[in-house]
>>> print(open('target21.cif').read())   # mmCIF, C-alpha atoms and all ligand atoms
data_target
#
loop_
_atom_site.group_PDB
_atom_site.id
_atom_site.type_symbol
_atom_site.label_atom_id
_atom_site.label_comp_id
_atom_site.auth_asym_id
_atom_site.auth_seq_id
_atom_site.Cartn_x
_atom_site.Cartn_y
_atom_site.Cartn_z
ATOM 1 C CA MET O 1 0.000 0.000 0.000
ATOM 2 C CA GLN O 2 1.388 3.393 -0.960
ATOM 3 C CA ILE O 3 0.703 6.568 0.996
ATOM 4 C CA ILE O 4 0.803 9.663 -1.160
ATOM 5 C CA HIS O 5 0.616 13.292 -0.052
ATOM 6 C CA HIS O 6 1.049 15.142 -3.340
ATOM 7 C CA ILE O 7 -1.270 15.484 -6.327
ATOM 8 C CA GLN O 8 1.441 15.112 -8.977
ATOM 9 C CA GLU O 9 2.777 11.960 -7.340
ATOM 10 C CA LEU O 10 -0.679 10.394 -7.228
ATOM 11 C CA ARG O 11 -1.383 11.285 -10.858
ATOM 12 C CA GLN O 12 1.881 9.712 -11.927
ATOM 13 C CA LEU O 13 1.244 6.539 -9.946
ATOM 14 C CA VAL O 14 -2.229 6.048 -11.445
ATOM 15 C CA ARG O 15 -0.903 6.834 -14.928
ATOM 16 C CA GLU O 16 1.910 4.286 -14.523
ATOM 17 C CA ALA O 17 -0.472 1.604 -13.234
ATOM 18 C CA LYS O 18 -2.778 2.221 -16.207
ATOM 19 C CA SER O 19 0.009 2.033 -18.782
ATOM 20 C CA ALA O 20 1.628 -1.022 -17.154
ATOM 21 C CA ARG O 21 -1.662 -2.934 -17.047
ATOM 22 C CA GLY O 22 -3.800 -1.789 -19.973
ATOM 23 C CA GLY O 23 -7.558 -1.582 -19.360
ATOM 24 C CA ILE O 24 -7.414 -1.680 -15.565
ATOM 25 C CA LYS O 25 -10.368 -0.286 -13.648
ATOM 26 C CA VAL O 26 -9.646 2.308 -10.972
ATOM 27 C CA GLY O 27 -11.978 2.368 -7.953
ATOM 28 C CA PHE O 28 -12.066 5.403 -5.682
ATOM 29 C CA VAL O 29 -13.360 5.844 -2.127
ATOM 30 C CA PRO O 30 -13.295 9.505 -1.003
ATOM 31 C CA THR O 31 -13.465 9.965 2.786
ATOM 32 C CA MET O 32 -12.716 12.420 5.553
ATOM 33 C CA GLY O 33 -10.956 9.717 7.566
ATOM 34 C CA TYR O 34 -11.743 8.328 11.031
ATOM 35 C CA LEU O 35 -12.666 5.212 9.122
ATOM 36 C CA HIS O 36 -15.226 2.735 10.441
ATOM 37 C CA GLN O 37 -16.845 -0.433 9.135
ATOM 38 C CA GLY O 38 -19.026 1.641 6.783
ATOM 39 C CA HIS O 39 -15.922 2.973 5.007
ATOM 40 C CA ALA O 40 -14.383 -0.508 5.097
ATOM 41 C CA SER O 41 -17.458 -1.836 3.263
ATOM 42 C CA LEU O 42 -16.908 0.782 0.514
ATOM 43 C CA LEU O 43 -13.254 -0.221 0.199
ATOM 44 C CA GLU O 44 -14.238 -3.896 0.082
ATOM 45 C CA ALA O 45 -16.788 -3.194 -2.668
ATOM 46 C CA ALA O 46 -14.117 -1.267 -4.613
ATOM 47 C CA ARG O 47 -11.642 -4.115 -4.117
ATOM 48 C CA LYS O 48 -14.139 -6.638 -5.538
ATOM 49 C CA GLN O 49 -14.998 -4.536 -8.568
ATOM 50 C CA CYS O 50 -11.712 -2.800 -9.461
ATOM 51 C CA ASP O 51 -8.051 -3.540 -10.171
ATOM 52 C CA LEU O 52 -6.606 -0.480 -8.431
ATOM 53 C CA VAL O 53 -8.229 0.911 -5.271
ATOM 54 C CA VAL O 54 -7.540 4.504 -4.231
ATOM 55 C CA LEU O 55 -8.718 5.873 -0.874
ATOM 56 C CA SER O 56 -8.551 9.593 -0.122
ATOM 57 C CA ILE O 57 -8.499 10.972 3.399
ATOM 58 C CA PHE O 58 -9.099 14.704 3.498
ATOM 59 C CA VAL O 59 -11.144 16.727 5.965
ATOM 60 C CA ASN O 60 -12.448 19.291 3.496
ATOM 61 C CA PRO O 61 -12.780 22.738 5.139
ATOM 62 C CA LEU O 62 -14.943 23.979 2.269
ATOM 63 C CA GLN O 63 -17.912 21.813 3.307
ATOM 64 C CA PHE O 64 -18.046 22.959 6.945
ATOM 65 C CA GLY O 65 -20.045 26.024 8.018
ATOM 66 C CA PRO O 66 -18.530 28.608 10.399
ATOM 67 C CA ASN O 67 -20.206 27.078 13.486
ATOM 68 C CA GLU O 68 -19.677 23.444 12.563
ATOM 69 C CA ASP O 69 -17.249 20.849 13.872
ATOM 70 C CA LEU O 70 -14.260 21.309 11.496
ATOM 71 C CA SER O 71 -11.695 21.925 14.250
ATOM 72 C CA ARG O 72 -12.885 18.995 16.374
ATOM 73 C CA TYR O 73 -13.605 16.590 13.519
ATOM 74 C CA PRO O 74 -12.149 13.271 14.770
ATOM 75 C CA ARG O 75 -8.874 12.055 13.267
ATOM 76 C CA ASP O 76 -6.862 8.863 13.728
ATOM 77 C CA GLU O 77 -4.276 8.442 11.001
ATOM 78 C CA GLU O 78 -2.810 5.233 12.360
ATOM 79 C CA ARG O 79 -6.146 3.452 12.604
ATOM 80 C CA ASP O 80 -7.200 4.740 9.163
ATOM 81 C CA LEU O 81 -4.086 3.245 7.588
ATOM 82 C CA ALA O 82 -4.750 -0.070 9.376
ATOM 83 C CA VAL O 83 -8.321 -0.162 7.972
ATOM 84 C CA ALA O 84 -6.993 0.717 4.504
ATOM 85 C CA LYS O 85 -4.417 -2.050 4.678
ATOM 86 C CA ALA O 86 -6.883 -4.651 5.983
ATOM 87 C CA THR O 87 -9.234 -3.975 3.063
ATOM 88 C CA GLY O 88 -6.498 -4.348 0.447
ATOM 89 C CA THR O 89 -6.350 -0.677 -0.574
ATOM 90 C CA ASP O 90 -3.551 0.047 -3.049
ATOM 91 C CA ILE O 91 -3.092 3.790 -2.634
ATOM 92 C CA VAL O 92 -4.000 6.159 0.202
ATOM 93 C CA PHE O 93 -4.116 9.790 -0.888
ATOM 94 C CA PHE O 94 -3.566 11.964 2.172
ATOM 95 C CA PRO O 95 -3.222 15.576 0.980
ATOM 96 C CA SER O 96 -2.814 18.608 3.237
ATOM 97 C CA VAL O 97 -5.195 21.580 3.051
ATOM 98 C CA GLU O 98 -2.373 23.557 1.340
ATOM 99 C CA GLU O 99 -2.000 20.822 -1.270
ATOM 100 C CA MET O 100 -5.721 20.828 -2.093
ATOM 101 C CA TYR O 101 -6.277 24.586 -1.739
ATOM 102 C CA PRO O 102 -2.939 26.370 -2.322
ATOM 103 C CA ARG O 103 -4.921 29.605 -2.743
ATOM 104 C CA PRO O 104 -8.554 30.499 -1.982
ATOM 105 C CA THR O 105 -10.590 28.756 -4.669
ATOM 106 C CA LYS O 106 -12.416 31.032 -7.095
ATOM 107 C CA THR O 107 -14.267 28.115 -8.655
ATOM 108 C CA ILE O 108 -17.172 26.521 -6.843
ATOM 109 C CA VAL O 109 -19.243 23.643 -8.208
ATOM 110 C CA SER O 110 -22.852 24.249 -7.250
ATOM 111 C CA VAL O 111 -25.657 21.782 -7.904
ATOM 112 C CA ILE O 112 -29.123 23.336 -7.764
ATOM 113 C CA GLU O 113 -32.574 21.985 -6.748
ATOM 114 C CA VAL O 114 -31.450 18.631 -5.322
ATOM 115 C CA THR O 115 -29.517 20.658 -2.702
ATOM 116 C CA GLU O 116 -32.490 22.838 -1.696
ATOM 117 C CA ARG O 117 -33.867 20.644 1.078
ATOM 118 C CA LEU O 118 -32.630 18.434 3.950
ATOM 119 C CA CYS O 119 -28.923 19.052 4.746
ATOM 120 C CA GLY O 120 -28.749 21.540 1.871
ATOM 121 C CA ALA O 121 -31.237 23.743 3.755
ATOM 122 C CA SER O 122 -29.828 23.260 7.254
ATOM 123 C CA ARG O 123 -26.151 23.479 6.230
ATOM 124 C CA PRO O 124 -25.953 26.344 3.685
ATOM 125 C CA GLY O 125 -22.951 25.973 1.379
ATOM 126 C CA HIS O 126 -22.238 22.405 2.514
ATOM 127 C CA PHE O 127 -22.976 20.754 -0.825
ATOM 128 C CA ASP O 128 -21.032 23.402 -2.768
ATOM 129 C CA GLY O 129 -18.048 22.356 -0.662
ATOM 130 C CA VAL O 130 -18.740 18.659 -1.276
ATOM 131 C CA ALA O 131 -19.317 19.043 -5.038
ATOM 132 C CA THR O 132 -16.183 21.188 -5.407
ATOM 133 C CA VAL O 133 -13.859 18.845 -3.528
ATOM 134 C CA VAL O 134 -15.321 15.728 -5.173
ATOM 135 C CA THR O 135 -14.785 17.343 -8.606
ATOM 136 C CA LYS O 136 -11.166 18.113 -7.669
ATOM 137 C CA LEU O 137 -10.641 14.568 -6.355
ATOM 138 C CA PHE O 138 -12.213 13.025 -9.477
ATOM 139 C CA ASN O 139 -9.891 15.170 -11.633
ATOM 140 C CA ILE O 140 -6.882 14.112 -9.579
ATOM 141 C CA VAL O 141 -7.627 10.362 -9.303
ATOM 142 C CA GLN O 142 -9.571 9.924 -12.576
ATOM 143 C CA PRO O 143 -11.444 6.864 -11.312
ATOM 144 C CA ASP O 144 -13.704 4.592 -13.334
ATOM 145 C CA TYR O 145 -15.901 3.920 -10.283
ATOM 146 C CA ALA O 146 -16.463 5.954 -7.109
ATOM 147 C CA PHE O 147 -18.057 4.400 -4.031
ATOM 148 C CA PHE O 148 -20.286 6.327 -1.605
ATOM 149 C CA GLY O 149 -22.373 5.242 1.397
ATOM 150 C CA MET O 150 -26.151 5.609 1.283
ATOM 151 C CA LYS O 151 -26.180 7.120 4.782
ATOM 152 C CA ASP O 152 -25.462 10.376 2.948
ATOM 153 C CA ALA O 153 -28.259 9.742 0.450
ATOM 154 C CA GLN O 154 -28.567 13.422 -0.471
ATOM 155 C CA GLN O 155 -24.808 13.566 -1.109
ATOM 156 C CA ILE O 156 -25.152 10.660 -3.558
ATOM 157 C CA ALA O 157 -28.086 12.370 -5.310
ATOM 158 C CA VAL O 158 -26.046 15.600 -5.587
ATOM 159 C CA ILE O 159 -22.922 13.865 -6.894
ATOM 160 C CA GLN O 160 -24.904 11.754 -9.367
ATOM 161 C CA GLN O 161 -26.597 14.930 -10.669
ATOM 162 C CA MET O 162 -23.215 16.643 -11.012
ATOM 163 C CA VAL O 163 -21.668 13.660 -12.819
ATOM 164 C CA ASP O 164 -24.630 13.482 -15.227
ATOM 165 C CA ASP O 165 -24.789 17.233 -15.873
ATOM 166 C CA LEU O 166 -21.040 17.678 -16.365
ATOM 167 C CA ASN O 167 -20.470 14.386 -18.262
ATOM 168 C CA MET O 168 -17.867 13.216 -15.784
ATOM 169 C CA PRO O 169 -16.496 9.844 -16.924
ATOM 170 C CA VAL O 170 -17.065 8.007 -13.636
ATOM 171 C CA GLU O 171 -19.719 5.596 -12.422
ATOM 172 C CA ILE O 172 -21.132 6.316 -8.973
ATOM 173 C CA VAL O 173 -21.659 3.157 -6.910
ATOM 174 C CA PRO O 174 -24.040 3.639 -3.948
ATOM 175 C CA CYS O 175 -23.376 1.200 -1.081
ATOM 176 C CA LYS O 176 -25.823 0.270 1.632
ATOM 177 C CA ILE O 177 -25.800 1.764 5.138
ATOM 178 C CA VAL O 178 -23.773 -0.229 7.667
ATOM 179 C CA ARG O 179 -25.309 -0.349 11.148
ATOM 180 C CA GLU O 180 -24.239 -1.426 14.635
ATOM 181 C CA GLU O 181 -25.993 -4.568 15.835
ATOM 182 C CA ASP O 182 -28.523 -2.441 17.725
ATOM 183 C CA GLY O 183 -29.390 -0.413 14.596
ATOM 184 C CA LEU O 184 -27.335 2.788 14.973
ATOM 185 C CA ALA O 185 -25.968 3.791 11.560
ATOM 186 C CA LEU O 186 -22.159 3.959 11.615
ATOM 187 C CA SER O 187 -20.775 7.489 11.497
ATOM 188 C CA SER O 188 -17.451 9.070 12.392
ATOM 189 C CA ARG O 189 -19.481 11.479 14.544
ATOM 190 C CA ASN O 190 -20.856 8.668 16.785
ATOM 191 C CA VAL O 191 -17.653 9.044 18.796
ATOM 192 C CA TYR O 192 -18.953 12.386 20.135
ATOM 193 C CA LEU O 193 -22.004 10.752 21.768
ATOM 194 C CA GLU O 194 -22.177 10.480 25.568
ATOM 195 C CA PRO O 195 -23.509 7.056 26.742
ATOM 196 C CA GLU O 196 -27.032 8.427 27.350
ATOM 197 C CA GLU O 197 -27.058 10.127 23.913
ATOM 198 C CA ARG O 198 -25.794 6.919 22.256
ATOM 199 C CA GLU O 199 -28.708 5.037 23.879
ATOM 200 C CA GLN O 200 -31.300 7.620 22.815
ATOM 201 C CA ALA O 201 -29.878 7.826 19.272
ATOM 202 C CA LEU O 202 -31.406 4.375 18.635
ATOM 203 C CA ILE O 203 -34.693 6.252 18.175
ATOM 204 C CA LEU O 204 -33.517 7.077 14.617
ATOM 205 C CA SER O 205 -33.364 3.512 13.327
ATOM 206 C CA SER O 206 -36.460 2.538 15.297
ATOM 207 C CA ALA O 207 -38.391 5.473 13.724
ATOM 208 C CA LEU O 208 -37.302 4.352 10.259
ATOM 209 C CA ASN O 209 -38.268 0.729 10.976
ATOM 210 C CA MET O 210 -41.637 1.812 12.345
ATOM 211 C CA ALA O 211 -42.266 4.006 9.271
ATOM 212 C CA GLU O 212 -41.277 1.298 6.824
ATOM 213 C CA LYS O 213 -43.561 -1.214 8.548
ATOM 214 C CA LEU O 214 -46.428 1.274 8.535
ATOM 215 C CA VAL O 215 -45.977 1.918 4.803
ATOM 216 C CA ARG O 216 -45.674 -1.750 3.882
ATOM 217 C CA GLU O 217 -48.693 -2.807 5.959
ATOM 218 C CA HIS O 218 -50.886 0.150 5.050
ATOM 219 C CA LYS O 219 -53.669 -0.539 2.591
ATOM 220 C CA GLY O 220 -54.837 2.309 0.376
ATOM 221 C CA PRO O 221 -53.384 5.798 -0.157
ATOM 222 C CA LEU O 222 -50.968 7.144 2.406
ATOM 223 C CA LEU O 223 -49.994 10.786 2.584
ATOM 224 C CA ALA O 224 -46.384 11.851 3.080
ATOM 225 C CA SER O 225 -47.591 14.362 5.693
ATOM 226 C CA GLU O 226 -49.262 11.560 7.732
ATOM 227 C CA LEU O 227 -46.132 9.447 7.651
ATOM 228 C CA GLN O 228 -43.981 12.462 8.548
ATOM 229 C CA GLU O 229 -46.196 13.158 11.562
ATOM 230 C CA ALA O 230 -45.917 9.532 12.738
ATOM 231 C CA VAL O 231 -42.102 9.654 12.397
ATOM 232 C CA LYS O 232 -41.842 12.942 14.301
ATOM 233 C CA GLN O 233 -44.070 11.649 17.104
ATOM 234 C CA HIS O 234 -41.930 8.523 17.362
ATOM 235 C CA ILE O 235 -38.703 10.552 17.653
ATOM 236 C CA ASP O 236 -40.314 12.887 20.183
ATOM 237 C CA GLN O 237 -40.505 9.926 22.582
ATOM 238 C CA SER O 238 -36.833 10.611 23.234
ATOM 239 C CA SER O 239 -36.514 13.356 25.829
ATOM 240 C CA ILE O 240 -33.244 14.673 24.375
ATOM 241 C CA ALA O 241 -33.725 14.293 20.610
ATOM 242 C CA GLU O 242 -33.943 17.643 18.818
ATOM 243 C CA ILE O 243 -35.297 17.226 15.302
ATOM 244 C CA ASP O 244 -33.532 19.269 12.622
ATOM 245 C CA TYR O 245 -35.602 17.607 9.908
ATOM 246 C CA ALA O 246 -37.713 14.486 9.430
ATOM 247 C CA ASP O 247 -38.743 14.709 5.799
ATOM 248 C CA ILE O 248 -40.315 12.511 3.181
ATOM 249 C CA LEU O 249 -39.333 13.311 -0.402
ATOM 250 C CA ALA O 250 -39.159 11.642 -3.797
ATOM 251 C CA TYR O 251 -35.783 9.950 -4.338
ATOM 252 C CA PRO O 252 -33.419 10.787 -5.994
ATOM 253 C CA SER O 253 -35.031 14.067 -7.141
ATOM 254 C CA LEU O 254 -35.687 15.118 -3.507
ATOM 255 C CA GLU O 255 -38.847 16.883 -4.582
ATOM 256 C CA PRO O 256 -41.808 17.146 -2.200
ATOM 257 C CA ILE O 257 -44.577 14.557 -2.613
ATOM 258 C CA THR O 258 -48.143 14.299 -1.378
ATOM 259 C CA ASP O 259 -49.205 10.707 -2.071
ATOM 260 C CA LEU O 260 -46.406 8.231 -1.366
ATOM 261 C CA ARG O 261 -47.611 6.009 -4.189
ATOM 262 C CA SER O 262 -47.210 8.761 -6.777
ATOM 263 C CA VAL O 263 -43.451 8.113 -7.132
ATOM 264 C CA PRO O 264 -41.448 4.895 -7.706
ATOM 265 C CA ALA O 265 -39.212 5.602 -4.685
ATOM 266 C CA PHE O 266 -39.127 7.976 -1.747
ATOM 267 C CA ILE O 267 -36.774 8.697 1.114
ATOM 268 C CA ILE O 268 -37.533 9.098 4.791
ATOM 269 C CA ALA O 269 -34.621 11.321 5.831
ATOM 270 C CA LEU O 270 -33.737 12.281 9.386
ATOM 271 C CA ALA O 271 -31.317 14.742 10.966
ATOM 272 C CA VAL O 272 -31.568 14.852 14.722
ATOM 273 C CA LYS O 273 -29.376 16.389 17.413
ATOM 274 C CA PHE O 274 -28.439 14.510 20.567
ATOM 275 C CA GLY O 275 -26.639 17.017 22.774
ATOM 276 C CA LYS O 276 -24.115 18.710 20.507
ATOM 277 C CA THR O 277 -24.035 15.861 18.008
ATOM 278 C CA ARG O 278 -26.166 15.969 14.886
ATOM 279 C CA LEU O 279 -26.802 12.549 13.340
ATOM 280 C CA ILE O 280 -28.393 11.710 10.014
ATOM 281 C CA ASP O 281 -30.072 8.498 8.909
ATOM 282 C CA ASN O 282 -32.515 7.460 6.214
ATOM 283 C CA THR O 283 -34.309 4.688 4.458
ATOM 284 C CA ILE O 284 -35.420 4.577 0.856
ATOM 285 C CA ILE O 285 -38.667 2.805 0.041
ATOM 286 C CA ARG O 286 -39.109 1.519 -3.492
ATOM 287 C CA TRP O 287 -42.491 0.207 -4.547
HETATM 288 O O1 LIG L 1 -18.809 11.830 2.697
HETATM 289 C C1 LIG L 1 -17.732 12.367 2.988
HETATM 290 O O2 LIG L 1 -16.967 11.868 3.809
HETATM 291 C C2 LIG L 1 -17.359 13.695 2.321
HETATM 292 O O3 LIG L 1 -18.464 14.491 2.137
HETATM 293 C C3 LIG L 1 -16.577 13.508 1.010
HETATM 294 C C4 LIG L 1 -17.427 12.827 -0.044
HETATM 295 C C5 LIG L 1 -15.335 12.690 1.259
HETATM 296 C C6 LIG L 1 -16.168 14.870 0.461
HETATM 297 O O4 LIG L 1 -15.342 15.554 1.348
#
>>> encode(input="target21.cif", output="structure tokens")
Amino acid sequence: MQIIHHIQELRQLVREAKSARGGIKVGFVPTMGYLHQGHASLLEAARKQCDLVVLSIFVNPLQFGPNEDLSRYPRDEERDLAVAKATGTDIVFFPSVEEMYPRPTKTIVSVIEVTERLCGASRPGHFDGVATVVTKLFNIVQPDYAFFGMKDAQQIAVIQQMVDDLNMPVEIVPCKIVREEDGLALSSRNVYLEPEEREQALILSSALNMAEKLVREHKGPLLASELQEAVKQHIDQSSIAEIDYADILAYPSLEPITDLRSVPAFIIALAVKFGKTRLIDNTIIRW
């Protein structure tokens, strides 16, 4: 496994691998580090599907708002490299902020409409930061496939829209959410949770399970607003959960819907704060 800090070095390495072994497929897993089993599952999927697997670890300042957790975002380089090695990663790209942004960027990639709701509404500018860094990383790595976790379902919808609109020659591979045995979706931010908050955070997966059961068992038309109300009431059973959003939208367009049966697929998307920690989770229901 090679650990690379500089863009030129990475480009050269990928170029050499491609010319040495004609027709190889490059798989890419972009991350912000503090890797957990969810990231490992992306690397494993890339390993299965591709000849060369590149992992990037970069905490991207551009996607954090002024009052967000950039300075305290968890980092553990040693453990990240161990996870990368265990999953058979070939190259770890570990650039510094200066390497990625040697000067303030004057080019921002901004995807409209699909960024209007959910995290796009509660974290203004977040998806501009994501789309810009992902574009830079795609240009640097030039992957054939890029793997993303469905926990950030809006992020996947945004990146897929960007790839389609800008004709980027990469296939986006969505990978399913990895959960703890008790249902909590894996997230680098789970480490912030106090024991009581960790316990109460289980309300997210139980709300999604309850909603999915309700939808599947319900006969006749069901309104998105009714389901949303049921989900909110369920989460409100937790004394410390503070709902940022609990929304039901068409997926992947993320447009509002009235009758759940009017679209082939919809998302139940949650962002809820437990103490200082904001967690997201979702489920997508396809008819
Ligand atoms: O999902 C993440 O970890 C980040 O948003 C990404 C895609 C690596 C861009 O910084």
>>> closest_atom_pairs(input="target21.cif", of="chain O", to="ligand LIG 1 (chain L)", cutoff="8 Å", atoms="all atoms listed in the file", output="JSON lines")
{"residue": "O:Val29", "atom": "CA", "partner": "L:LIG1", "partner_atom": "C5", "distance": 7.9}
{"residue": "O:Pro30", "atom": "CA", "partner": "L:LIG1", "partner_atom": "C5", "distance": 4.4}
{"residue": "O:Thr31", "atom": "CA", "partner": "L:LIG1", "partner_atom": "C5", "distance": 3.6}
{"residue": "O:Met32", "atom": "CA", "partner": "L:LIG1", "partner_atom": "O2", "distance": 4.6}
{"residue": "O:Gly33", "atom": "CA", "partner": "L:LIG1", "partner_atom": "O2", "distance": 7.4}
{"residue": "O:Ser56", "atom": "CA", "partner": "L:LIG1", "partner_atom": "C5", "distance": 7.6}
{"residue": "O:Ile57", "atom": "CA", "partner": "L:LIG1", "partner_atom": "C5", "distance": 7.4}
{"residue": "O:Phe58", "atom": "CA", "partner": "L:LIG1", "partner_atom": "O4", "distance": 6.7}
{"residue": "O:Val59", "atom": "CA", "partner": "L:LIG1", "partner_atom": "O4", "distance": 6.3}
{"residue": "O:Asn60", "atom": "CA", "partner": "L:LIG1", "partner_atom": "O4", "distance": 5.2}
{"residue": "O:Gln63", "atom": "CA", "partner": "L:LIG1", "partner_atom": "O4", "distance": 7.0}
{"residue": "O:Gly129", "atom": "CA", "partner": "L:LIG1", "partner_atom": "O4", "distance": 7.6}
{"residue": "O:Val130", "atom": "CA", "partner": "L:LIG1", "partner_atom": "C6", "distance": 4.9}
{"residue": "O:Ala131", "atom": "CA", "partner": "L:LIG1", "partner_atom": "C6", "distance": 7.6}
{"residue": "O:Val133", "atom": "CA", "partner": "L:LIG1", "partner_atom": "O4", "distance": 6.1}
{"residue": "O:Val134", "atom": "CA", "partner": "L:LIG1", "partner_atom": "C6", "distance": 5.8}
{"residue": "O:Phe148", "atom": "CA", "partner": "L:LIG1", "partner_atom": "O1", "distance": 7.1}
{"residue": "O:Gly149", "atom": "CA", "partner": "L:LIG1", "partner_atom": "O1", "distance": 7.6}
{"residue": "O:Asp152", "atom": "CA", "partner": "L:LIG1", "partner_atom": "O1", "distance": 6.8}
{"residue": "O:Gln155", "atom": "CA", "partner": "L:LIG1", "partner_atom": "O3", "distance": 7.2}
>>> closest_residue(input="target21.cif", among="O:Ala86, O:Ala241, O:Val141, O:Ile267", to="O:Arg286", atoms="all atoms listed in the file")
O:Ile267
>>> residues_around(input="target21.cif", residues="O:Val170", least_positions_apart="3", cutoff="7 Å", atoms="all atoms listed in the file", output="CSV table (one decimal) with C-alpha atoms, keeping the file's coordinate frame")
chain,number,residue,atom,x,y,z
O,143,PRO,CA,-11.4,6.9,-11.3
O,144,ASP,CA,-13.7,4.6,-13.3
O,145,TYR,CA,-15.9,3.9,-10.3
O,146,ALA,CA,-16.5,6.0,-7.1
>>> residues_near_point(input="target21.cif", point="(-0.2, 4.6, -10.5)", cutoff="12 Å", atoms="only C-alpha atoms", output="PyMOL selection string")
chain O and resi 1-4+7-22+24-26+51-54+90-93+140-143
>>> atom_distance(input="target21.cif", atom1="atom CA of O:Ile257", atom2="atom CA of O:Asp165")
24.0 Å
